[in-house]
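Trainee: Input: one structure, supplied below.
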Amino acid sequence: MNLPHPILEARGLTKRYGDGCPTCFDHTGAAHGRNRCPDCGTVWACRDVDLTIHPQEVLGVVGESGSGKSTVLKMLHYDLEADGGDMRVRAEGVEDSNLFDLTSFRKRQLRNAVMGIVYQHPHLGLRMNVSSGGNIAERLLMAGWRNVGDMRNRASELLERTEVPVERMDEAPRNFSGGMQQRVQIAKALSNRPALLLLDEVTTGLDVSVQARVLDLIRRLQEELHVATLVVSHDLGVIRMLTTRCMVMKNGQVVESGLTDQILEDPQHAYTQLLVSSALV
Amino acid sequence: MLTVQHLSKTFTIHQLDGKHIEGVSPVSFSVPEGGSLALSGPSGTGKSSILKCLYRTYLPTTGSIEYESETAGVLDLATLPEHAMVHLRNAEIGYVTQFLRVIPRVPATGVVAEPLLRRGVPETEALEQAAVLLRRLRIPEELLDAYPVTFSGGEQQRVNIARAMIARPRLLLLDEPTASLDKASISIVIDLLRELQAQGTTMVMIFHDPDIMNALAGQVLSVTPREEIPA
Ligand SMILES: Nc1ncnc2c1ncn2[C@@H]1O[C@H](COP(=O)(O)OP(=O)(O)O)[C@@H](O)[C@H]1O
Ligand SMILES: [Mg+2]
Ligand SMILES: [Zn+2]
């Protein structure tokens with residue numbers, strides 16, 4: 001079968017808070033039910049995580065709060081420095097080497113050119129006092145756009161796509177509802193046509209009906225744009241709706257991965273079985 | 001086209017101290033290209049689980065599922081890498097159950113057109129084909145753009161069938177897709193499935209109604225009750 005190469009390949013992703021000690025792994029990880037070493041106090045936020053995303057694919061990461069999902073995503077986006085691991089991205093103009101080893105200048109460039117991110121908390125992804133159009137223009141500037149008219153057109157096109165009334169383009173997101181703030185974040189994340197879209201708990205904390213609308217929007221954008229996407233969520237309903245393949249994390253480790261319908265209908269690991277049987281999906 | 005050898009499925013339930021539940025006792029069969037095999041037998045013998053193993057919704061415990069793919073030769077669906085399985089589902093293999101399990105808030109034509117969109121058919125054309133098929137299945141005109149969640153059981157089943165067959169899969173897995181249909185609808189479904197068969201689609205099917213089964217299946221495999229596992 002002539003399948004495309006992965007667009008993102010990450011191996012051995014590791015993030016720890018603390019210096020570690022020789023007995024850390026005797027006490028931490030999914031099998032021990034904790035991520036903090038009782039001997040030295042080091043927190044292993046994520047340990048040895050491998051992940052692959054193919055073009056057009058939507059990969060999910062699910063697990064309880066604190067399992068390390070956001071840590072994985074934030075390392076990929078250079079929000080957090082990795083303590084170990086290797087990341088490769090196959091996209092135009094991206095070097096074929098471990099992208100964790102780049103200079104911080106080049107990391108920023110790369111992030112602006114190939115990635116888009118949407119955080120759970122809009123204030124992490126948006127400048128609340130800058131107009132929504134201005135938020136998008138800033139992102140486009142960082143990605144190398146220069147023509148003001150083009151940027152304004154692109155911003156209004158995206159706000160329309162994400163169902164933000166275009167007449168509110170000059171208003172600051174501070175005044176918007178939570179759902180609309182998320183839609184502005186999504187518009188901003190997509191503005192530079194990223195090769196890879198990262199979504200971190202984007203509907204968590206929203207009212208159920210607002211959640212539904214944001215999920216519908218994301219699904220529709222996926223159908224139209226086919227952007228390779230990583231969806232991080234503690235909510236199996238979100239994972240079911242958006243992803244075709246997913247990984248299950250616990251205490252910083254991946255305990256299981258598979259096709260999403262298989263994970264939901266035939267979970268293998270004890271933890272996944274518990275997660276599925278206690279979820280209403 | 002499909003050769004299944006010693007396929008079995010055992011579930012391990014960790015919450016019940018690792019209790020084993022036998023889903024499918026070892027089964028072997030093969031279906032030639034364009035052929036149709038019906039699985040028959042009392043309920044609880046694992047017929048649906050066999051189909052789910054073929055579609056990889058269940059991970060087989062033992063055995064192999066050799067499938068002759070269109071472009072990549074013979075592949076073992078029991079061990080095929082996940083993204084390759086996703087590709088096959090999009091391009092070659094359809095699966096339909098009695099229950100419609102669709103994305104909420106998508107109109108009927110959209111639900112049915114989706115497999116075509118995934119194969120790159122332009123949207124207007126895909127929606128048009130979906131409407132034609134739904135009309136043929138006698139879905140009332142005013143429901144074409146309504147959300148299937150609000151439909152009757154029989155209407156949902158017809159949407160479900162339309163979605164599974166619209167892209168003319170090479171292999172179609174059918175699990176009781178007509179259970180709540182009236183006679184007239186059933187005969188339309190049988191006609192549609194026969195047309196697919198005539199065009200070369202291979203099928204593995206479960207139908208309780210022997211008349212439907214006989215109308216569609218070239219061969220029948222009796223799935224025997226599983227053996228009791230001594231505690
Ligand atoms: N700055 C930090 N110092 C110490 N521990 C941290 C820090 N940031 C995150 N952690 C810990 O790392 C673990 C993983 O966190 P996170 O990736 O946010 O989990 P998730 O996104 O799955 O909820 C948690 O135990 C968290 O408390
Ligand atoms: Mg998180
Ligand atoms: Zn330690």
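If you're wondering about the labels, chains in the structure tokens are A, B, ... by order shown, residues count from 1 in each chain, ligands from 1 in order shown.
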Using only C-alpha atoms, select each residue of chain A with any atom at most 6 Å away from an atom of chain B, and give the selection as a list of chain:residue names.
Mentor: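 Applying the cut-off to the listed atoms yields A:Met1, A:Asp261, A:Gln262, A:Asp266, A:Ala270.
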Trainee: Give me the residues within 10 Å of Gln98 (chain B) as number ranges by chain, counting only C-alpha atoms and dropping any in the same chain fewer than 6 places off.
Mentor: B: 153-154, 156-158, 160-161, 174-180
Trainee: Where in region 31-227 of chain B does DSSP assign helix (DSSP H, G or I), given as a CSV table (one decimal) with N, CA, C and O atoms, in the first residue's frame?
Mentor:
```csv
chain,number,residue,atom,x,y,z
B,47,LYS,N,-21.1,-14.2,16.2
B,47,LYS,CA,-21.2,-13.8,14.8
B,47,LYS,C,-20.8,-12.3,14.7
B,47,LYS,O,-20.0,-12.0,13.8
B,48,SER,N,-21.4,-11.4,15.5
B,48,SER,CA,-21.1,-10.0,15.4
B,48,SER,C,-19.6,-9.8,15.7
B,48,SER,O,-19.0,-8.9,15.1
B,49,SER,N,-19.1,-10.5,16.7
B,49,SER,CA,-17.7,-10.3,17.1
B,49,SER,C,-16.8,-10.7,15.9
B,49,SER,O,-15.7,-10.1,15.8
B,50,ILE,N,-17.2,-11.7,15.1
B,50,ILE,CA,-16.3,-12.0,14.0
B,50,ILE,C,-16.3,-10.8,13.0
B,50,ILE,O,-15.2,-10.4,12.6
B,51,LEU,N,-17.4,-10.3,12.7
B,51,LEU,CA,-17.4,-9.1,11.8
B,51,LEU,C,-16.6,-8.0,12.4
B,51,LEU,O,-15.8,-7.3,11.7
B,52,LYS,N,-16.7,-7.7,13.7
B,52,LYS,CA,-15.9,-6.7,14.3
B,52,LYS,C,-14.4,-6.9,14.3
B,52,LYS,O,-13.6,-6.0,14.1
B,53,CYS,N,-14.0,-8.2,14.4
B,53,CYS,CA,-12.6,-8.6,14.2
B,53,CYS,C,-12.2,-8.2,12.8
B,53,CYS,O,-11.1,-7.8,12.5
B,54,LEU,N,-13.0,-8.6,11.8
B,54,LEU,CA,-12.7,-8.3,10.4
B,54,LEU,C,-12.5,-6.8,10.2
B,54,LEU,O,-11.6,-6.4,9.3
B,55,TYR,N,-13.2,-6.0,10.9
B,55,TYR,CA,-13.2,-4.5,10.7
B,55,TYR,C,-12.2,-3.9,11.7
B,55,TYR,O,-11.9,-2.7,11.6
B,82,GLU,N,-2.2,0.3,12.1
B,82,GLU,CA,-3.4,1.0,12.3
B,82,GLU,C,-3.7,1.9,11.1
B,82,GLU,O,-4.8,2.0,10.6
B,83,HIS,N,-2.7,2.7,10.7
B,83,HIS,CA,-3.1,3.7,9.7
B,83,HIS,C,-3.3,3.1,8.4
B,83,HIS,O,-4.1,3.6,7.6
B,84,ALA,N,-2.8,1.9,8.1
B,84,ALA,CA,-3.1,1.2,6.9
B,84,ALA,C,-4.6,0.7,7.0
B,84,ALA,O,-5.3,0.7,6.0
B,85,MET,N,-5.0,0.2,8.2
B,85,MET,CA,-6.3,-0.2,8.4
B,85,MET,C,-7.3,1.0,8.1
B,85,MET,O,-8.4,0.8,7.5
B,86,VAL,N,-6.9,2.1,8.6
B,86,VAL,CA,-7.8,3.3,8.4
B,86,VAL,C,-7.9,3.5,6.9
B,86,VAL,O,-9.0,3.8,6.4
B,87,HIS,N,-6.8,3.4,6.2
B,87,HIS,CA,-6.8,3.6,4.7
B,87,HIS,C,-7.8,2.6,4.1
B,87,HIS,O,-8.6,3.0,3.2
B,88,LEU,N,-7.7,1.3,4.5
B,88,LEU,CA,-8.6,0.3,3.9
B,88,LEU,C,-10.0,0.6,4.2
B,88,LEU,O,-10.9,0.4,3.3
B,89,ARG,N,-10.3,1.0,5.4
B,89,ARG,CA,-11.7,1.4,5.7
B,89,ARG,C,-12.2,2.5,4.9
B,89,ARG,O,-13.4,2.5,4.4
B,90,ASN,N,-11.4,3.5,4.6
B,90,ASN,CA,-11.8,4.6,3.8
B,90,ASN,C,-12.0,4.2,2.3
B,90,ASN,O,-12.8,4.7,1.6
B,91,ALA,N,-11.1,3.3,1.9
B,91,ALA,CA,-11.0,3.0,0.4
B,91,ALA,C,-11.8,1.8,0.0
B,91,ALA,O,-12.2,1.7,-1.1
B,108,ALA,N,-29.1,14.1,6.9
B,108,ALA,CA,-29.0,12.7,6.3
B,108,ALA,C,-28.1,12.6,5.1
B,108,ALA,O,-27.3,11.7,4.9
B,109,THR,N,-28.3,13.6,4.1
B,109,THR,CA,-27.5,13.5,2.9
B,109,THR,C,-26.0,13.6,3.2
B,109,THR,O,-25.2,13.0,2.6
B,110,GLY,N,-25.7,14.4,4.2
B,110,GLY,CA,-24.3,14.6,4.6
B,110,GLY,C,-23.7,13.3,5.2
B,110,GLY,O,-22.6,12.9,4.9
B,111,VAL,N,-24.5,12.7,6.1
B,111,VAL,CA,-24.1,11.4,6.7
B,111,VAL,C,-23.8,10.4,5.6
B,111,VAL,O,-22.8,9.7,5.6
B,112,VAL,N,-24.7,10.3,4.6
B,112,VAL,CA,-24.5,9.3,3.6
B,112,VAL,C,-23.4,9.7,2.6
B,112,VAL,O,-22.7,8.8,2.1
B,113,ALA,N,-23.2,11.0,2.3
B,113,ALA,CA,-22.2,11.4,1.4
B,113,ALA,C,-20.8,11.3,1.9
B,113,ALA,O,-19.8,11.2,1.2
B,114,GLU,N,-20.7,11.2,3.2
B,114,GLU,CA,-19.3,11.3,3.9
B,114,GLU,C,-18.3,10.3,3.3
B,114,GLU,O,-17.2,10.7,3.0
B,115,PRO,N,-18.7,9.0,3.1
B,115,PRO,CA,-17.6,8.1,2.6
B,115,PRO,C,-17.2,8.5,1.2
B,115,PRO,O,-16.0,8.3,0.8
B,116,LEU,N,-18.1,9.1,0.4
B,116,LEU,CA,-17.6,9.6,-0.9
B,116,LEU,C,-16.7,10.8,-0.8
B,116,LEU,O,-15.7,10.9,-1.5
B,117,LEU,N,-17.0,11.7,0.1
B,117,LEU,CA,-16.1,12.8,0.3
B,117,LEU,C,-14.7,12.4,0.7
B,117,LEU,O,-13.7,12.9,0.3
B,118,ARG,N,-14.7,11.3,1.6
B,118,ARG,CA,-13.4,10.8,2.0
B,118,ARG,C,-12.6,10.2,0.8
B,118,ARG,O,-11.4,10.1,0.8
B,123,GLU,N,-18.1,17.8,-3.4
B,123,GLU,CA,-19.2,17.8,-2.5
B,123,GLU,C,-20.6,17.8,-3.1
B,123,GLU,O,-21.4,17.0,-2.7
B,124,THR,N,-20.8,18.6,-4.1
B,124,THR,CA,-22.1,18.7,-4.7
B,124,THR,C,-22.5,17.3,-5.3
B,124,THR,O,-23.6,16.9,-5.2
B,125,GLU,N,-21.5,16.7,-6.0
B,125,GLU,CA,-21.8,15.4,-6.6
B,125,GLU,C,-22.1,14.4,-5.5
B,125,GLU,O,-23.0,13.6,-5.7
B,126,ALA,N,-21.3,14.4,-4.5
B,126,ALA,CA,-21.5,13.4,-3.4
B,126,ALA,C,-22.9,13.6,-2.8
B,126,ALA,O,-23.6,12.6,-2.5
B,127,LEU,N,-23.3,14.8,-2.5
B,127,LEU,CA,-24.6,15.0,-1.9
B,127,LEU,C,-25.7,14.6,-2.9
B,127,LEU,O,-26.7,14.1,-2.4
B,128,GLU,N,-25.5,14.8,-4.1
B,128,GLU,CA,-26.5,14.5,-5.1
B,128,GLU,C,-26.7,12.9,-5.1
B,128,GLU,O,-27.8,12.4,-5.1
B,129,GLN,N,-25.6,12.2,-5.2
B,129,GLN,CA,-25.6,10.8,-5.2
B,129,GLN,C,-26.3,10.3,-3.9
B,129,GLN,O,-27.1,9.3,-3.9
B,130,ALA,N,-26.0,10.9,-2.8
B,130,ALA,CA,-26.6,10.5,-1.5
B,130,ALA,C,-28.1,10.7,-1.6
B,130,ALA,O,-28.9,9.8,-1.1
B,131,ALA,N,-28.6,11.8,-2.1
B,131,ALA,CA,-30.0,12.1,-2.2
B,131,ALA,C,-30.7,11.0,-3.1
B,131,ALA,O,-31.7,10.5,-2.8
B,132,VAL,N,-30.0,10.7,-4.2
B,132,VAL,CA,-30.6,9.7,-5.1
B,132,VAL,C,-30.8,8.4,-4.4
B,132,VAL,O,-31.8,7.7,-4.5
B,133,LEU,N,-29.7,7.9,-3.7
B,133,LEU,CA,-29.8,6.7,-3.0
B,133,LEU,C,-30.9,6.7,-1.9
B,133,LEU,O,-31.6,5.7,-1.7
B,134,LEU,N,-30.9,7.8,-1.1
B,134,LEU,CA,-31.9,7.9,-0.1
B,134,LEU,C,-33.3,7.9,-0.6
B,134,LEU,O,-34.2,7.3,-0.1
B,135,ARG,N,-33.5,8.5,-1.8
B,135,ARG,CA,-34.8,8.5,-2.4
B,135,ARG,C,-35.2,7.1,-2.8
B,135,ARG,O,-36.3,6.6,-2.6
B,136,ARG,N,-34.2,6.4,-3.3
B,136,ARG,CA,-34.5,5.0,-3.7
B,136,ARG,C,-34.9,4.2,-2.5
B,136,ARG,O,-35.7,3.2,-2.6
B,141,GLU,N,-38.8,13.1,1.1
B,141,GLU,CA,-38.0,14.2,0.6
B,141,GLU,C,-37.7,15.2,1.7
B,141,GLU,O,-36.6,15.7,1.8
B,142,GLU,N,-38.6,15.5,2.6
B,142,GLU,CA,-38.4,16.5,3.6
B,142,GLU,C,-37.4,16.0,4.7
B,142,GLU,O,-37.0,16.8,5.5
B,143,LEU,N,-37.1,14.7,4.6
B,143,LEU,CA,-36.1,14.3,5.7
B,143,LEU,C,-34.7,14.3,5.1
B,143,LEU,O,-33.7,14.2,5.9
B,148,PRO,N,-30.6,12.8,11.2
B,148,PRO,CA,-31.1,11.4,11.4
B,148,PRO,C,-31.4,11.1,12.9
B,148,PRO,O,-32.2,10.1,13.1
B,149,VAL,N,-30.8,11.8,13.8
B,149,VAL,CA,-31.2,11.5,15.2
B,149,VAL,C,-32.7,11.5,15.5
B,149,VAL,O,-33.2,10.9,16.4
B,150,THR,N,-33.4,12.3,14.7
B,150,THR,CA,-34.8,12.5,14.9
B,150,THR,C,-35.6,11.5,14.1
B,150,THR,O,-36.8,11.5,14.2
B,153,GLY,N,-36.7,4.3,13.8
B,153,GLY,CA,-35.7,3.3,13.7
B,153,GLY,C,-35.5,2.8,12.3
B,153,GLY,O,-34.4,2.6,11.8
B,154,GLY,N,-36.6,2.6,11.6
B,154,GLY,CA,-36.5,2.1,10.2
B,154,GLY,C,-35.8,3.1,9.3
B,154,GLY,O,-35.0,2.7,8.4
B,155,GLU,N,-36.1,4.4,9.5
B,155,GLU,CA,-35.5,5.4,8.6
B,155,GLU,C,-34.0,5.5,8.9
B,155,GLU,O,-33.2,5.6,8.0
B,156,GLN,N,-33.6,5.4,10.2
B,156,GLN,CA,-32.2,5.4,10.6
B,156,GLN,C,-31.5,4.3,9.9
B,156,GLN,O,-30.4,4.4,9.4
B,157,GLN,N,-32.1,3.1,9.9
B,157,GLN,CA,-31.5,1.9,9.3
B,157,GLN,C,-31.2,2.1,7.9
B,157,GLN,O,-30.2,1.7,7.3
B,158,ARG,N,-32.2,2.8,7.2
B,158,ARG,CA,-32.0,3.0,5.8
B,158,ARG,C,-30.8,4.0,5.5
B,158,ARG,O,-30.1,3.8,4.5
B,159,VAL,N,-30.8,5.0,6.3
B,159,VAL,CA,-29.6,5.9,6.2
B,159,VAL,C,-28.3,5.2,6.4
B,159,VAL,O,-27.3,5.4,5.6
B,160,ASN,N,-28.3,4.3,7.4
B,160,ASN,CA,-27.1,3.6,7.7
B,160,ASN,C,-26.7,2.7,6.5
B,160,ASN,O,-25.5,2.6,6.2
B,161,ILE,N,-27.7,2.0,5.9
B,161,ILE,CA,-27.4,1.1,4.8
B,161,ILE,C,-26.9,2.0,3.6
B,161,ILE,O,-25.9,1.6,3.0
B,162,ALA,N,-27.5,3.1,3.4
B,162,ALA,CA,-27.1,4.0,2.3
B,162,ALA,C,-25.6,4.4,2.5
B,162,ALA,O,-24.8,4.4,1.5
B,163,ARG,N,-25.3,4.8,3.7
B,163,ARG,CA,-23.9,5.2,4.0
B,163,ARG,C,-22.9,4.1,3.7
B,163,ARG,O,-21.8,4.4,3.2
B,164,ALA,N,-23.3,2.9,4.1
B,164,ALA,CA,-22.3,1.8,4.0
B,164,ALA,C,-22.1,1.4,2.5
B,164,ALA,O,-21.1,0.9,2.1
B,165,MET,N,-23.2,1.6,1.7
B,165,MET,CA,-23.0,1.1,0.3
B,165,MET,C,-22.7,2.1,-0.7
B,165,MET,O,-22.3,1.8,-1.8
B,183,LYS,N,-41.5,-4.9,5.0
B,183,LYS,CA,-41.3,-5.8,3.9
B,183,LYS,C,-40.8,-5.1,2.6
B,183,LYS,O,-39.9,-5.5,1.9
B,184,ALA,N,-41.5,-3.9,2.3
B,184,ALA,CA,-41.2,-3.2,1.1
B,184,ALA,C,-39.8,-2.7,1.1
B,184,ALA,O,-39.1,-2.8,0.2
B,185,SER,N,-39.4,-2.1,2.3
B,185,SER,CA,-38.0,-1.6,2.4
B,185,SER,C,-37.0,-2.7,2.3
B,185,SER,O,-36.0,-2.6,1.7
B,186,ILE,N,-37.3,-3.9,2.9
B,186,ILE,CA,-36.4,-5.0,2.8
B,186,ILE,C,-36.2,-5.4,1.4
B,186,ILE,O,-35.0,-5.6,1.0
B,187,SER,N,-37.2,-5.4,0.6
B,187,SER,CA,-37.0,-5.9,-0.8
B,187,SER,C,-36.2,-4.9,-1.6
B,187,SER,O,-35.4,-5.2,-2.4
B,188,ILE,N,-36.3,-3.6,-1.2
B,188,ILE,CA,-35.5,-2.6,-1.9
B,188,ILE,C,-34.0,-2.8,-1.5
B,188,ILE,O,-33.1,-2.8,-2.3
B,189,VAL,N,-33.8,-3.0,-0.2
B,189,VAL,CA,-32.4,-3.3,0.3
B,189,VAL,C,-31.8,-4.5,-0.4
B,189,VAL,O,-30.7,-4.5,-0.9
B,190,ILE,N,-32.6,-5.6,-0.5
B,190,ILE,CA,-32.1,-6.8,-1.2
B,190,ILE,C,-31.7,-6.5,-2.6
B,190,ILE,O,-30.6,-6.8,-3.1
B,191,ASP,N,-32.6,-5.7,-3.3
B,191,ASP,CA,-32.2,-5.3,-4.7
B,191,ASP,C,-30.9,-4.6,-4.8
B,191,ASP,O,-30.1,-4.8,-5.6
B,192,LEU,N,-30.8,-3.6,-3.9
B,192,LEU,CA,-29.5,-2.8,-3.9
B,192,LEU,C,-28.3,-3.6,-3.6
B,192,LEU,O,-27.3,-3.5,-4.3
B,193,LEU,N,-28.4,-4.5,-2.6
B,193,LEU,CA,-27.3,-5.4,-2.3
B,193,LEU,C,-27.0,-6.3,-3.5
B,193,LEU,O,-25.8,-6.6,-3.8
B,194,ARG,N,-28.0,-6.8,-4.2
B,194,ARG,CA,-27.7,-7.7,-5.3
B,194,ARG,C,-27.0,-6.9,-6.4
B,194,ARG,O,-26.2,-7.4,-7.1
B,195,GLU,N,-27.4,-5.6,-6.6
B,195,GLU,CA,-26.7,-4.8,-7.6
B,195,GLU,C,-25.2,-4.7,-7.3
B,195,GLU,O,-24.4,-4.8,-8.1
B,196,LEU,N,-25.0,-4.5,-6.0
B,196,LEU,CA,-23.6,-4.4,-5.5
B,196,LEU,C,-22.8,-5.7,-5.8
B,196,LEU,O,-21.7,-5.7,-6.3
B,197,GLN,N,-23.5,-6.8,-5.5
B,197,GLN,CA,-22.9,-8.1,-5.7
B,197,GLN,C,-22.6,-8.3,-7.2
B,197,GLN,O,-21.5,-8.8,-7.6
B,198,ALA,N,-23.5,-7.9,-8.0
B,198,ALA,CA,-23.3,-8.0,-9.5
B,198,ALA,C,-22.1,-7.2,-10.0
B,198,ALA,O,-21.5,-7.5,-10.9
B,210,PRO,N,-34.2,-16.1,7.5
B,210,PRO,CA,-33.6,-17.0,6.5
B,210,PRO,C,-33.9,-16.6,5.1
B,210,PRO,O,-33.1,-16.9,4.2
B,211,ASP,N,-35.1,-16.0,4.9
B,211,ASP,CA,-35.4,-15.6,3.5
B,211,ASP,C,-34.4,-14.6,2.9
B,211,ASP,O,-34.0,-14.7,1.8
B,212,ILE,N,-34.1,-13.6,3.8
B,212,ILE,CA,-33.1,-12.6,3.3
B,212,ILE,C,-31.8,-13.2,3.1
B,212,ILE,O,-31.1,-13.0,2.1
B,213,MET,N,-31.4,-14.1,4.1
B,213,MET,CA,-30.1,-14.7,4.0
B,213,MET,C,-30.0,-15.5,2.7
B,213,MET,O,-29.0,-15.4,1.9
B,214,ASN,N,-31.1,-16.3,2.4
B,214,ASN,CA,-31.0,-17.1,1.2
B,214,ASN,C,-31.0,-16.3,-0.1
B,214,ASN,O,-30.5,-16.7,-1.1
B,215,ALA,N,-31.7,-15.1,0.0
B,215,ALA,CA,-31.7,-14.3,-1.2
B,215,ALA,C,-30.3,-13.7,-1.5
B,215,ALA,O,-30.1,-13.3,-2.6
B,216,LEU,N,-29.5,-13.6,-0.5
B,216,LEU,CA,-28.2,-12.9,-0.7
B,216,LEU,C,-27.0,-13.7,-0.6
B,216,LEU,O,-25.9,-13.4,-1.2
```
Trainee: For Cys37 (chain A), please output as a count of residues only all residues within 7 Å (counting only C-alpha atoms; exclusion window: fewer than 3 positions along the same chain).
Mentor: 7
Trainee: Between A:Met142, A:Met249, A:Val58, A:Met180, which one has atoms that come closest to ligand 2, using only C-alpha atoms and all ligand atoms?
Mentor: A:Met249
Trainee: For region 87-97 of chain A, find every residue with an atom within 7 Å (counting only C-alpha atoms), except residues of its own chain fewer than 2 positions away, and show them as a PyMOL selection string.
Mentor: chain A and resi 7-11+85+99-100+195
Trainee: Please give me, as a VMD selection string, the residues lying within 7 Å of ligand 2 when counting only C-alpha atoms and all ligand atoms.
Mentor: chain A and resid 65 to 66 69 to 70 200 to 201
Trainee: Write out as a ChimeraX atom specification which residues come within 12 Å of region 271-280 of chain A when counting only C-alpha atoms, dropping same-chain ones fewer than 2 positions away.
Mentor: /A:30-31,33,62-64,67,234-240,246-251,253-258,260-269 /B:11-16,18
Trainee: Any chance you could list, as a count of residues only, the residues in region 60-191 of chain A that come up strand (DSSP E or B) when DSSP is run on the backbone?
Mentor: 13
Trainee: So what do you get for atom 4 (C, counted along the ligand's line) of ligand 1 versus CA of Lys74 (chain A), distance-wise?
Mentor: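 These atoms are spaced 14.2 Å apart.
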Trainee: Mind giving me the straight-line distance from CA of Ala167 (chain B) to CA of Met1 (chain B) in Å, one decimal?
Mentor: 18.9 Å
Trainee: Can you tell me which residues surround Arg220 (chain A) at a distance of at most 12 Å, considering only C-alpha atoms, apart from same-chain residues fewer than 2 positions away, and format the answer as a list of chain:residue names?
Mentor: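 Final neighbour list, sorted by chain and number: A:Arg161, A:Thr162, A:Glu163, A:Arg213, A:Val214, A:Leu215, A:Asp216, A:Leu217, A:Ile218, A:Gln222, A:Glu223, A:Glu224, A:Leu225, A:His226, A:Val227, A:Met241, A:Leu242, B:Ile103, B:Arg105, B:Val106, B:Gly110, B:Glu114.
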Trainee: Quote the spacing between CA of Leu259 (chain A) and CA of Leu59 (chain A) in Å to one decimal place.
Mentor: 9.4 Å
